[in-house]
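Student: Have a peek at final.txt (compact mmCIF, C-alpha atoms and all ligand atoms).
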```txt
# COMPACT_ATOMS: atom_id res chain seq x y z
CA MET A 1 79.54 40.06 321.19
CA THR A 2 80.59 36.94 319.29
CA GLU A 3 78.05 34.38 318.04
CA ALA A 4 80.25 31.31 318.44
CA ASP A 5 83.46 30.34 320.24
CA THR A 6 84.82 29.17 316.91
CA VAL A 7 83.79 29.54 313.28
CA VAL A 8 85.08 26.82 310.99
CA VAL A 9 85.03 27.73 307.30
CA GLY A 10 84.54 24.64 305.10
CA GLY A 11 82.10 21.85 305.90
CA GLY A 12 83.94 18.99 304.18
CA ILE A 13 85.54 16.09 306.05
CA VAL A 14 88.42 18.22 307.35
CA GLY A 15 86.29 21.10 308.67
CA ALA A 16 83.61 18.79 310.06
CA SER A 17 86.18 16.55 311.81
CA ILE A 18 87.85 19.52 313.50
CA ALA A 19 84.43 20.96 314.40
CA PHE A 20 83.54 17.60 315.98
CA GLY A 21 86.63 17.81 318.21
CA LEU A 22 85.86 21.41 319.20
CA ALA A 23 82.19 20.66 319.95
CA ARG A 24 83.06 17.51 321.91
CA SER A 25 85.37 19.68 324.04
CA GLY A 26 82.45 21.97 324.90
CA GLU A 27 82.87 24.78 322.37
CA SER A 28 80.02 26.29 320.39
CA VAL A 29 80.91 25.97 316.70
CA ILE A 30 79.42 27.36 313.51
CA LEU A 31 80.50 25.44 310.41
CA LEU A 32 80.11 27.56 307.27
CA ASP A 33 80.01 25.77 303.93
CA GLU A 34 79.57 26.71 300.29
CA GLY A 35 76.73 25.27 298.18
CA ASP A 36 76.49 22.34 295.79
CA ILE A 37 78.56 24.03 293.09
CA ALA A 38 81.65 24.01 295.34
CA PHE A 39 84.65 21.73 294.70
CA ARG A 40 84.24 19.10 297.38
CA ALA A 41 86.79 16.29 297.59
CA SER A 42 84.95 14.94 300.62
CA ARG A 43 82.01 13.85 298.49
CA GLY A 44 84.03 12.21 295.70
CA ASN A 45 86.92 10.32 297.26
CA PHE A 46 88.06 6.70 297.54
CA ALA A 47 87.74 6.63 301.36
CA LEU A 48 90.81 4.69 302.40
CA VAL A 49 92.20 5.13 305.88
CA TRP A 50 95.68 4.42 304.59
CA VAL A 51 99.02 4.20 306.36
CA GLN A 52 101.41 2.15 304.21
CA SER A 53 102.45 4.88 301.75
CA LYS A 54 102.44 7.93 303.99
CA GLY A 55 105.51 9.78 305.29
CA LEU A 56 108.41 9.18 302.90
CA ALA A 57 110.45 12.45 303.06
CA MET A 58 108.42 13.70 306.05
CA PRO A 59 108.58 11.45 309.15
CA ALA A 60 106.20 13.76 311.05
CA TYR A 61 103.51 12.83 308.51
CA ALA A 62 104.10 9.11 309.10
CA ALA A 63 103.59 9.55 312.86
CA TRP A 64 100.51 11.75 312.37
CA THR A 65 98.95 9.26 309.93
CA GLN A 66 99.62 6.23 312.13
CA ARG A 67 98.13 8.02 315.12
CA SER A 68 95.07 8.86 313.04
CA ALA A 69 94.53 5.25 311.98
CA LYS A 70 94.45 4.33 315.69
CA GLU A 71 92.16 7.22 316.66
CA TRP A 72 89.74 6.30 313.88
CA ASN A 73 88.49 3.41 316.04
CA ASP A 74 87.41 5.79 318.80
CA LEU A 75 85.92 8.25 316.34
CA ALA A 76 83.79 5.57 314.64
CA ALA A 77 82.66 4.17 318.01
CA ILE A 78 81.68 7.61 319.38
CA LEU A 79 79.77 8.51 316.22
CA ARG A 80 77.91 5.17 316.34
CA SER A 81 76.96 5.47 319.98
CA GLU A 82 76.07 9.18 319.93
CA THR A 83 74.35 9.50 316.52
CA GLY A 84 73.31 5.91 315.79
CA ILE A 85 75.08 6.12 312.41
CA ASP A 86 77.42 3.26 311.50
CA ILE A 87 80.00 4.80 309.16
CA ALA A 88 81.19 1.37 307.93
CA HIS A 89 84.69 1.81 309.28
CA SER A 90 86.88 -1.29 309.30
CA GLN A 91 90.59 -1.82 309.58
CA PRO A 92 91.22 -5.34 308.26
CA GLY A 93 94.60 -4.44 306.71
CA GLY A 94 95.17 -3.30 303.15
CA PHE A 95 97.03 -4.59 300.09
CA THR A 96 98.95 -2.84 297.33
CA LEU A 97 98.75 -5.37 294.48
CA CYS A 98 101.56 -5.42 291.90
CA LEU A 99 101.18 -6.60 288.30
CA SER A 100 104.91 -6.95 287.53
CA GLN A 101 108.18 -7.64 289.33
CA LYS A 102 109.16 -4.05 288.49
CA GLU A 103 106.19 -2.80 290.52
CA VAL A 104 107.13 -5.06 293.46
CA ASP A 105 110.74 -3.80 293.35
CA ALA A 106 109.59 -0.16 293.23
CA ARG A 107 107.40 -0.68 296.31
CA LEU A 108 110.22 -2.46 298.13
CA THR A 109 112.63 0.39 297.43
CA LYS A 110 110.13 2.94 298.77
CA LEU A 111 109.50 0.89 301.91
CA GLN A 112 113.24 0.55 302.54
CA GLN A 113 113.76 4.28 302.03
CA PHE A 114 110.84 4.99 304.37
CA HIS A 115 112.11 2.79 307.19
CA SER A 116 115.70 4.05 306.91
CA GLN A 117 114.65 7.66 307.68
CA PRO A 118 115.95 8.88 311.05
CA ASN A 119 113.32 9.07 313.82
CA VAL A 120 110.56 7.65 311.64
CA ALA A 121 107.66 5.75 313.22
CA HIS A 122 107.94 2.28 311.67
CA PHE A 123 104.80 0.44 310.64
CA PRO A 124 104.28 -3.31 310.23
CA TYR A 125 104.13 -4.68 306.69
CA GLU A 126 104.67 -7.90 304.73
CA ILE A 127 105.84 -8.50 301.18
CA LEU A 128 103.79 -11.34 299.71
CA ASP A 129 104.38 -13.46 296.60
CA HIS A 130 101.58 -14.54 294.27
CA ASP A 131 100.79 -17.76 296.15
CA GLU A 132 100.51 -16.03 299.51
CA VAL A 133 98.32 -13.26 298.06
CA LYS A 134 96.13 -15.97 296.46
CA ARG A 135 95.81 -17.74 299.81
CA ARG A 136 94.57 -14.53 301.45
CA LEU A 137 92.62 -13.14 298.46
CA PRO A 138 91.33 -16.19 296.54
CA HIS A 139 89.80 -14.11 293.72
CA ILE A 140 93.03 -12.51 292.41
CA GLY A 141 94.07 -13.09 288.81
CA ASP A 142 97.17 -14.90 287.53
CA LYS A 143 98.78 -11.60 286.57
CA VAL A 144 99.18 -10.48 290.19
CA VAL A 145 102.88 -10.98 290.90
CA GLY A 146 102.87 -9.99 294.56
CA ALA A 147 101.66 -7.43 297.10
CA VAL A 148 102.52 -5.32 300.10
CA PHE A 149 100.21 -5.85 303.07
CA SER A 150 99.92 -3.64 306.15
CA PRO A 151 97.55 -4.51 308.99
CA LEU A 152 97.03 -0.81 309.83
CA ASP A 153 95.11 0.06 306.66
CA GLY A 154 91.33 0.32 306.44
CA HIS A 155 88.39 2.16 304.91
CA ALA A 156 85.06 3.78 305.68
CA ASN A 157 81.99 5.29 304.02
CA PRO A 158 82.82 9.00 303.54
CA LEU A 159 79.24 10.17 302.98
CA LEU A 160 78.04 8.48 306.16
CA LEU A 161 81.04 9.97 307.96
CA MET A 162 79.97 13.47 306.87
CA ARG A 163 76.37 12.79 307.89
CA ALA A 164 77.41 11.47 311.28
CA LEU A 165 79.75 14.43 311.94
CA HIS A 166 77.06 16.95 310.97
CA SER A 167 74.46 15.09 313.12
CA TYR A 168 76.84 15.10 316.08
CA LEU A 169 77.35 18.86 315.75
CA ALA A 170 73.59 19.46 315.74
CA MET A 171 73.21 17.27 318.86
CA LYS A 172 75.83 19.38 320.67
CA GLY A 173 74.08 22.64 319.80
CA SER A 174 76.61 23.60 317.12
CA GLU A 175 75.49 24.49 313.63
CA TYR A 176 76.25 23.40 310.06
CA ARG A 177 75.26 26.23 307.69
CA PRO A 178 75.36 25.24 304.00
CA THR A 179 75.14 27.83 301.20
CA HIS A 180 77.18 30.21 303.38
CA ALA A 181 80.13 31.01 301.15
CA VAL A 182 82.61 33.26 302.95
CA GLU A 183 83.77 36.18 300.89
CA ILE A 184 85.63 38.45 303.32
CA ILE A 185 87.30 37.95 306.71
CA GLU A 186 88.32 40.92 308.87
CA ARG A 187 90.14 41.03 312.19
CA THR A 188 88.36 42.75 315.11
CA PRO A 189 89.58 43.43 318.68
CA GLU A 190 87.67 40.32 319.90
CA GLY A 191 88.54 38.04 317.00
CA PHE A 192 87.16 37.96 313.47
CA ARG A 193 84.26 39.19 311.40
CA VAL A 194 83.35 36.67 308.67
CA LYS A 195 81.20 37.98 305.83
CA GLY A 196 79.29 36.72 302.80
CA GLY A 197 76.19 37.46 300.72
CA TRP A 198 74.17 35.91 303.61
CA GLY A 199 75.34 38.46 306.22
CA GLU A 200 78.14 38.31 308.77
CA ILE A 201 79.19 36.47 311.93
CA ARG A 202 81.61 37.50 314.67
CA THR A 203 83.77 34.87 316.29
CA ALA A 204 86.64 34.64 318.73
CA LYS A 205 88.55 31.81 317.05
CA LEU A 206 88.65 30.99 313.36
CA VAL A 207 89.60 27.75 311.61
CA LEU A 208 90.05 27.76 307.84
CA ALA A 209 89.32 24.30 306.43
CA ALA A 210 87.88 25.27 303.06
CA GLY A 211 89.84 22.81 300.91
CA LEU A 212 90.91 24.52 297.68
CA GLY A 213 89.16 27.68 298.96
CA ASN A 214 91.89 28.06 301.61
CA ALA A 215 94.28 29.43 298.98
CA ARG A 216 92.11 32.58 298.69
CA LEU A 217 90.92 32.85 302.31
CA ALA A 218 94.15 32.26 304.26
CA PRO A 219 95.91 35.51 303.13
CA MET A 220 92.92 37.51 304.49
CA VAL A 221 94.13 36.66 308.02
CA GLY A 222 97.88 36.68 307.33
CA LEU A 223 98.22 32.93 306.69
CA GLU A 224 98.94 31.01 303.50
CA ALA A 225 97.75 27.77 301.92
CA PRO A 226 99.27 27.39 298.46
CA VAL A 227 97.08 24.44 297.45
CA LYS A 228 96.16 23.38 293.92
CA PRO A 229 93.75 20.81 292.49
CA SER A 230 94.83 17.30 291.51
CA ARG A 231 92.10 15.41 289.68
CA GLY A 232 91.14 11.82 290.49
CA GLN A 233 88.67 9.71 288.49
CA LEU A 234 86.68 6.84 289.96
CA ILE A 235 84.47 3.99 288.78
CA VAL A 236 81.78 2.22 290.77
CA THR A 237 80.20 -1.08 289.69
CA GLU A 238 76.79 -2.53 290.38
CA LYS A 239 76.43 -4.27 293.74
CA THR A 240 77.68 -7.84 293.93
CA VAL A 241 78.15 -10.56 296.54
CA PRO A 242 80.82 -9.74 299.12
CA PHE A 243 84.15 -11.11 297.84
CA LEU A 244 86.67 -8.51 298.98
CA HIS A 245 87.00 -7.98 302.70
CA ASN A 246 90.22 -5.93 302.57
CA PRO A 247 90.75 -2.62 300.76
CA MET A 248 93.41 -2.39 298.01
CA VAL A 249 95.07 0.90 297.15
CA THR A 250 93.01 1.05 293.91
CA ILE A 251 90.07 -1.36 294.49
CA ARG A 252 87.70 -1.77 297.38
CA GLN A 253 84.28 -3.29 297.88
CA THR A 254 82.01 -0.98 299.84
CA ASN A 255 79.79 -2.03 302.71
CA GLU A 256 76.87 -1.79 300.24
CA GLY A 257 78.39 -4.27 297.76
CA GLY A 258 79.54 -2.01 294.91
CA VAL A 259 83.19 -2.15 293.86
CA LEU A 260 85.06 1.15 293.72
CA ILE A 261 87.94 1.37 291.27
CA GLY A 262 90.21 4.35 291.68
CA ASP A 263 91.85 6.65 291.34
CA SER A 264 93.91 8.59 288.86
CA LYS A 265 96.21 11.52 289.63
CA GLU A 266 96.00 14.21 286.96
CA ASP A 267 97.11 17.81 286.73
CA ALA A 268 94.01 19.20 284.98
CA GLY A 269 93.35 22.47 286.76
CA PHE A 270 89.77 22.86 287.97
CA GLU A 271 88.27 20.65 285.23
CA ASN A 272 86.55 17.91 287.17
CA VAL A 273 85.37 15.83 284.23
CA THR A 274 85.93 12.15 283.35
CA GLY A 275 87.51 10.66 280.23
CA THR A 276 87.40 7.13 278.84
CA GLY A 277 91.18 7.09 278.28
CA VAL A 278 92.05 7.17 281.98
CA LEU A 279 88.98 5.18 283.06
CA SER A 280 89.73 2.31 280.67
CA VAL A 281 93.31 1.99 281.98
CA MET A 282 91.97 1.87 285.55
CA ALA A 283 89.31 -0.72 284.60
CA ASP A 284 91.85 -2.86 282.72
CA ARG A 285 94.25 -3.00 285.68
CA ALA A 286 91.38 -3.79 288.04
CA ILE A 287 90.23 -6.70 285.85
CA GLN A 288 93.77 -8.08 285.74
CA MET A 289 93.79 -7.98 289.53
CA PHE A 290 90.30 -9.47 289.96
CA PRO A 291 89.05 -11.10 286.72
CA ARG A 292 85.51 -11.48 288.08
CA LEU A 293 85.13 -7.68 287.76
CA ARG A 294 84.81 -8.14 283.98
CA HIS A 295 81.24 -9.44 284.51
CA LEU A 296 80.02 -6.42 286.48
CA ASN A 297 78.28 -3.38 285.00
CA VAL A 298 79.70 0.04 285.70
CA VAL A 299 76.92 2.17 287.17
CA ARG A 300 78.73 5.49 287.54
CA THR A 301 82.02 7.26 286.95
CA TRP A 302 83.04 10.62 288.37
CA SER A 303 85.97 12.82 289.12
CA ALA A 304 86.86 15.02 292.07
CA LEU A 305 89.70 17.38 292.91
CA ARG A 306 92.25 16.65 295.60
CA VAL A 307 93.54 19.52 297.73
CA MET A 308 97.27 19.34 297.00
CA SER A 309 100.12 21.35 298.53
CA PRO A 310 103.40 21.83 296.58
CA ASP A 311 105.09 18.84 298.31
CA GLY A 312 101.91 16.78 298.79
CA PHE A 313 102.07 16.97 302.60
CA PRO A 314 99.45 18.66 304.80
CA ILE A 315 99.54 22.31 305.83
CA TYR A 316 98.82 23.37 309.42
CA ASP A 317 99.53 26.88 310.65
CA GLN A 318 98.27 29.55 313.04
CA THR A 319 98.60 33.30 313.43
CA SER A 320 100.76 34.68 316.23
CA CYS A 321 98.10 37.19 317.33
CA ASP A 322 95.49 36.46 319.98
CA PRO A 323 92.85 35.09 319.49
CA PRO A 324 94.38 33.04 316.71
CA ALA A 325 93.26 31.91 313.28
CA PHE A 326 94.23 28.44 312.05
CA VAL A 327 94.54 26.93 308.60
CA THR A 328 94.39 23.23 307.69
CA SER A 329 94.72 21.71 304.22
CA CYS A 330 95.46 18.10 303.31
CA HIS A 331 94.98 15.57 300.55
CA SER A 332 94.17 12.60 302.82
CA GLY A 333 91.36 14.05 304.86
CA VAL A 334 89.61 10.71 305.32
CA THR A 335 92.75 9.10 306.76
CA LEU A 336 93.39 12.13 308.97
CA ALA A 337 89.80 12.42 310.25
CA GLY A 338 90.85 10.41 313.32
CA VAL A 339 93.48 12.93 314.47
CA HIS A 340 91.52 15.95 313.32
CA ALA A 341 88.53 14.90 315.44
CA MET A 342 90.27 13.33 318.43
CA THR A 343 93.52 15.37 318.76
CA LEU A 344 93.51 18.59 316.73
CA GLY A 345 89.97 19.80 317.52
CA PRO A 346 90.41 19.27 321.30
CA ALA A 347 93.85 20.97 321.23
CA LEU A 348 92.39 24.04 319.52
CA ALA A 349 89.57 24.13 322.09
CA GLN A 350 91.75 23.65 325.18
CA ASN A 351 94.95 25.51 324.33
CA ALA A 352 93.98 27.62 321.32
CA ARG A 353 97.25 26.38 319.83
CA LEU A 354 98.32 23.75 317.34
CA PRO A 355 99.95 20.70 318.94
CA GLU A 356 103.78 20.97 318.93
CA THR A 357 103.99 17.90 316.68
CA LEU A 358 102.48 19.92 313.84
CA ALA A 359 105.31 22.48 313.67
CA ALA A 360 106.84 20.61 310.70
CA PHE A 361 103.73 21.25 308.62
CA THR A 362 104.01 25.06 308.46
CA PRO A 363 103.80 26.39 304.89
CA LYS A 364 107.00 28.34 305.67
CA ARG A 365 108.73 25.18 304.39
CA PHE A 366 107.86 26.38 300.87
CA HIS A 367 109.86 29.61 301.34
CA VAL A 368 112.99 28.39 299.65
CA PRO A 369 115.39 31.19 298.71
CA ALA A 370 116.07 31.44 294.98
CA ASN A 371 119.63 30.48 293.93
C1 LIG B 1 89.55 11.06 293.77
C2 LIG B 1 89.94 11.26 295.18
C3 LIG B 1 90.25 10.17 295.97
C4 LIG B 1 90.61 10.35 297.30
N1 LIG B 1 90.85 9.26 298.08
C5 LIG B 1 91.16 9.43 299.38
C6 LIG B 1 91.40 8.31 300.20
O1 LIG B 1 91.27 7.16 299.78
N2 LIG B 1 91.74 8.52 301.49
C7 LIG B 1 91.91 9.77 302.01
O2 LIG B 1 92.26 9.90 303.17
N3 LIG B 1 91.66 10.86 301.25
C8 LIG B 1 91.29 10.71 299.95
N4 LIG B 1 91.05 11.78 299.18
C9 LIG B 1 91.24 13.12 299.76
C10 LIG B 1 90.11 13.56 300.61
O3 LIG B 1 88.90 13.39 299.95
C11 LIG B 1 90.36 15.02 300.95
O4 LIG B 1 91.59 15.16 301.64
C12 LIG B 1 89.32 15.59 301.84
O5 LIG B 1 88.04 15.33 301.36
C13 LIG B 1 89.55 17.07 301.93
O6 LIG B 1 88.54 17.58 302.72
P1 LIG B 1 88.36 19.12 302.88
O7 LIG B 1 87.24 19.25 303.82
O8 LIG B 1 89.66 19.78 303.18
O9 LIG B 1 88.01 19.63 301.41
P2 LIG B 1 86.66 19.57 300.58
O10 LIG B 1 85.98 18.29 300.68
O11 LIG B 1 87.03 20.04 299.20
O12 LIG B 1 85.75 20.60 301.31
C14 LIG B 1 86.04 21.96 301.33
C15 LIG B 1 84.74 22.62 301.70
O13 LIG B 1 85.01 23.99 301.83
C16 LIG B 1 83.92 24.69 301.31
N5 LIG B 1 84.36 26.02 300.91
C17 LIG B 1 85.29 26.35 299.99
N6 LIG B 1 85.41 27.69 299.89
C18 LIG B 1 84.54 28.20 300.81
C19 LIG B 1 84.19 29.51 301.20
N7 LIG B 1 84.75 30.58 300.64
N8 LIG B 1 83.24 29.66 302.14
C20 LIG B 1 82.63 28.60 302.72
N9 LIG B 1 82.93 27.33 302.39
C21 LIG B 1 83.88 27.14 301.46
C22 LIG B 1 83.40 23.85 300.16
O14 LIG B 1 82.02 24.06 300.02
C23 LIG B 1 83.69 22.44 300.62
O15 LIG B 1 82.56 21.82 301.19
C24 LIG B 1 90.68 11.65 297.85
C25 LIG B 1 90.34 12.74 297.06
C26 LIG B 1 89.96 12.56 295.74
C27 LIG B 1 89.60 13.74 294.93
```
Would you mind writing the structure in this file as structure tokens?

Tutor:
Amino acid sequence: MTEADTVVVGGGIVGASIAFGLARSGESVILLDEGDIAFRASRGNFALVWVQSKGLAMPAYAAWTQRSAKEWNDLAAILRSETGIDIAHSQPGGFTLCLSQKEVDARLTKLQQFHSQPNVAHFPYEILDHDEVKRRLPHIGDKVVGAVFSPLDGHANPLLLMRALHSYLAMKGSEYRPTHAVEIIERTPEGFRVKGGWGEIRTAKLVLAAGLGNARLAPMVGLEAPVKPSRGQLIVTEKTVPFLHNPMVTIRQTNEGGVLIGDSKEDAGFENVTGTGVLSVMADRAIQMFPRLRHLNVVRTWSALRVMSPDGFPIYDQTSCDPPAFVTSCHSGVTLAGVHAMTLGPALAQNARLPETLAAFTPKRFHVPAN
């Protein structure tokens, strides 16, 4: 006897989004999550739904990201109508502001390289000079030389997203079980036995979406997820009058009025601490971009750990045995929540297989023979 059609291990944005798609397709799902001491990128991120920098060197990632940005609209609408929770999703287009001509040139080169890849899904963008940026964003400083704008970019409130996903699961009769760290997974004739200090659960299908925890869990079912932490530090200011409708790659005003300034990329192992060195560089660049930020108090700083694969692209894989186990790891889980909820979850429910389009994301791509 199994207790659930599918057990999803990891109750962050990735696991909860996939569980949403499974539950919406009629499956009973149990979502097992560790406690408050866990590393949880989903509770500490910058919350962009971001298209304009995704997919250089992997066209499949560009297509997957662009599809997700579109599917986000349906996800946000369903969550609002079914749970009553507005997750503050908007897609007004996003800017990457540049503080020197060198930065503009570097962005241009990357965009040209991106769009010259064979079979890549192109996305709309504009290169703007200072005057045009000023016309669209009147509060920028004189040091902004130019910007890249893409109308596909947006943002959301990640904590409300998690709450809405968990509420939706409860409404569908599925369960979110916190403080249920998984220690051992065993294969059984019917599927899997998942064990921890809290007891054990039997399930037919298994989805591993445990963020950095996937590195340890995936080999238990014959899969792999060679992910490592990449630290990001963030600053949030006191609330202020709305002045920034669009998200920038490193600055965004939340629906509540605070301004988020992010986010660094540091190789610091599992040390999720903050340091004034990195924070002051981030604050200084933000003030050059929007001088009015100099008058705001910082109310909090924090760091969180990204879930990073060796090439930075997501990992999706499944076992060949039946019923299958799946593994999913990615470092842009907010952006990909649209496809995880609206495409991947339903595919796992209906076909018990990954969509064909995800073949490129197998971790077998890391098996490069030594010279
Ligand atoms: C600073 C920063 C900024 C970011 N900005 C953005 C952004 O702007 N846009 C974007 O798209 N993405 C962004 N991200 C990335 C995004 O936050 C992550 O991709 C996403 O949160 C990953 O979700 P996850 O559920 O895979 O991992 P996590 O949130 O880390 O969740 C993993 C979960 O698995 C659980 N777990 C682990 N081991 C076990 C176990 N053995 N048993 C049971 N449960 C287990 C943990 O409790 C945890 O809740 C950012 C990340 C950081 C750190």

Student: Write out, as a Markdown table, each residue of chain A that has an atom at most 6 Å from ligand LIG 1 (chain B), together with the closest pair of atoms and their distance in Å to one decimal, counting all atoms listed in the file, rows going by chain and rising number.

Tutor:
```
| residue | atom | partner | partner_atom | distance |
| --- | --- | --- | --- | --- |
| A:Val9 | CA | B:LIG1 | C20 | 5.2 |
| A:Gly10 | CA | B:LIG1 | O13 | 3.4 |
| A:Gly11 | CA | B:LIG1 | O15 | 4.7 |
| A:Gly12 | CA | B:LIG1 | O7 | 3.3 |
| A:Ile13 | CA | B:LIG1 | O7 | 4.2 |
| A:Val14 | CA | B:LIG1 | O7 | 3.9 |
| A:Gly15 | CA | B:LIG1 | O7 | 5.3 |
| A:Leu32 | CA | B:LIG1 | C20 | 5.3 |
| A:Asp33 | CA | B:LIG1 | N9 | 3.7 |
| A:Glu34 | CA | B:LIG1 | O14 | 3.6 |
| A:Gly35 | CA | B:LIG1 | O14 | 5.7 |
| A:Ala38 | CA | B:LIG1 | O14 | 4.7 |
| A:Phe39 | CA | B:LIG1 | O11 | 5.4 |
| A:Arg40 | CA | B:LIG1 | O11 | 3.5 |
| A:Ala41 | CA | B:LIG1 | O10 | 3.8 |
| A:Ser42 | CA | B:LIG1 | O5 | 3.2 |
| A:Gly44 | CA | B:LIG1 | C27 | 5.8 |
| A:Asn45 | CA | B:LIG1 | C3 | 3.6 |
| A:Phe46 | CA | B:LIG1 | N1 | 3.8 |
| A:Ala47 | CA | B:LIG1 | O1 | 3.9 |
| A:Leu48 | CA | B:LIG1 | O1 | 3.6 |
| A:Val49 | CA | B:LIG1 | O2 | 5.5 |
| A:His180 | CA | B:LIG1 | C20 | 5.7 |
| A:Ala181 | CA | B:LIG1 | N8 | 3.5 |
| A:Val182 | CA | B:LIG1 | N8 | 3.7 |
| A:Glu183 | CA | B:LIG1 | N7 | 5.7 |
| A:Ala209 | CA | B:LIG1 | O8 | 5.6 |
| A:Ala210 | CA | B:LIG1 | O13 | 3.4 |
| A:Gly211 | CA | B:LIG1 | O9 | 3.7 |
| A:Gly213 | CA | B:LIG1 | N6 | 3.9 |
| A:Gly232 | CA | B:LIG1 | C1 | 3.7 |
| A:Gln233 | CA | B:LIG1 | C1 | 5.5 |
| A:Asp263 | CA | B:LIG1 | C1 | 5.5 |
| A:Ala304 | CA | B:LIG1 | C27 | 4.2 |
| A:Leu305 | CA | B:LIG1 | C27 | 4.2 |
| A:Arg306 | CA | B:LIG1 | C27 | 4.0 |
| A:Ser329 | CA | B:LIG1 | O8 | 5.5 |
| A:Cys330 | CA | B:LIG1 | O4 | 5.1 |
| A:His331 | CA | B:LIG1 | O4 | 3.6 |
| A:Ser332 | CA | B:LIG1 | O2 | 3.3 |
| A:Gly333 | CA | B:LIG1 | O4 | 3.4 |
| A:Val334 | CA | B:LIG1 | O2 | 3.5 |
| A:Thr335 | CA | B:LIG1 | O2 | 3.7 |
```

Student: Report the distance between CA of Gly55 in chain A and CA of Tyr125 in chain A in Å, rounded to one decimal place.

Tutor: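 Those two atoms sit 14.6 Å apart.
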
Student: Which is closer to Pro219 in chain A than all the others in A:Asn246, A:Thr319, A:Ser53, A:Thr179, using all atoms listed in the file?

Tutor: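 Smallest separation from Pro219 in chain A among the options: A:Thr319.
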
Student: Pull the closest atom pair for each residue of range 223-252 of chain A that gets at most 12 Å from range 320-326 of chain A, along with the distance in Å to one decimal, counting all atoms listed in the file, ordering rows by chain and then ascending residue number, as JSON lines.

Tutor:
```
{"residue": "A:Leu223", "atom": "CA", "partner": "A:Phe326", "partner_atom": "CA", "distance": 8.1}
{"residue": "A:Glu224", "atom": "CA", "partner": "A:Phe326", "partner_atom": "CA", "distance": 10.1}
{"residue": "A:Ala225", "atom": "CA", "partner": "A:Phe326", "partner_atom": "CA", "distance": 10.7}
```

Student: So what do you get for CA of Ala359 in chain A versus CA of Val227 in chain A, distance-wise?

Tutor: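 Interatomic distance, CA of Ala359 in chain A to CA of Val227 in chain A: 18.3 Å.
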
Student: What gap, in Å, lies between CA of Arg252 in chain A and CA of Pro92 in chain A?

Tutor: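 One can read the CA of Arg252 in chain A to CA of Pro92 in chain A distance as 12.0 Å.
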
Student: Identify, on the basis of all atoms listed in the file, every residue whose closest approach to range 144-147 of chain A does not exceed 12 Å; exclude the query and any residue fewer than 6 positions from it along the same chain; express the result as a VMD selection string.

Tutor: chain A and resid 52 94 to 108 125 to 138 248 to 249 285 to 291

Student: List every protein, DNA or RNA residue that has at least one atom no more than 10 Å from (98.2, 11.7, 281.4) in the file's coordinates, counting all atoms listed in the file, and write the result as a PDB file with C-alpha atoms, keeping the file's coordinate frame.

Tutor:
```
ATOM      1  CA  SER A 264      93.910   8.590 288.860  1.00  0.00           C
ATOM      2  CA  LYS A 265      96.210  11.520 289.630  1.00  0.00           C
ATOM      3  CA  GLU A 266      96.000  14.210 286.960  1.00  0.00           C
ATOM      4  CA  ASP A 267      97.110  17.810 286.730  1.00  0.00           C
ATOM      5  CA  ALA A 268      94.010  19.200 284.980  1.00  0.00           C
ATOM      6  CA  GLY A 277      91.180   7.090 278.280  1.00  0.00           C
ATOM      7  CA  VAL A 278      92.050   7.170 281.980  1.00  0.00           C
TER       8      VAL A 278
END
```

Student: So, with only C-alpha atoms as the atoms that count, which of A:Lys172, A:Pro226, A:Lys195, A:Glu256 lies closest to Ser25 in chain A?

Tutor: A:Lys172

Student: Could you check the closest approach to Pro314 in chain A for each of A:Thr274, A:Thr328, A:Asn73, A:Ser17 and tell me which residue wins, using all atoms listed in the file?

Tutor: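 Residue with the minimum atom-to-atom distance to Pro314 in chain A: A:Thr328.
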
Student: So, counting all atoms listed in the file, which residue among A:Thr240, A:Ser28, A:Asn119, A:Thr83 is closest to Tyr61 in chain A?

Tutor: A:Asn119

Student: Box in all listed atoms of range 76-95 of chain A, axis-aligned, with 3 Å more on each side; write out centre and edge lengths in Å to one decimal as AutoDock Vina command-line options.

Tutor:
```
--center_x 85.2 --center_y 2.1 --center_z 310.0 --size_x 29.7 --size_y 20.8 --size_z 25.9
```

Student: Which of these, A:Ala19, A:Val221, A:Ala63, A:Val7, has the shortest distance to Pro346 in chain A once you count all atoms listed in the file?

Tutor: A:Ala19

Student: Restricting the calculation to all atoms listed in the file: of A:Pro363, A:Pro189, A:Gly154, A:Pro242, which residue gets closest to Tyr316 in chain A?

Tutor: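 Of A:Pro363, A:Pro189, A:Gly154, A:Pro242, the one nearest Tyr316 in chain A, counting all atoms listed in the file, is A:Pro363.
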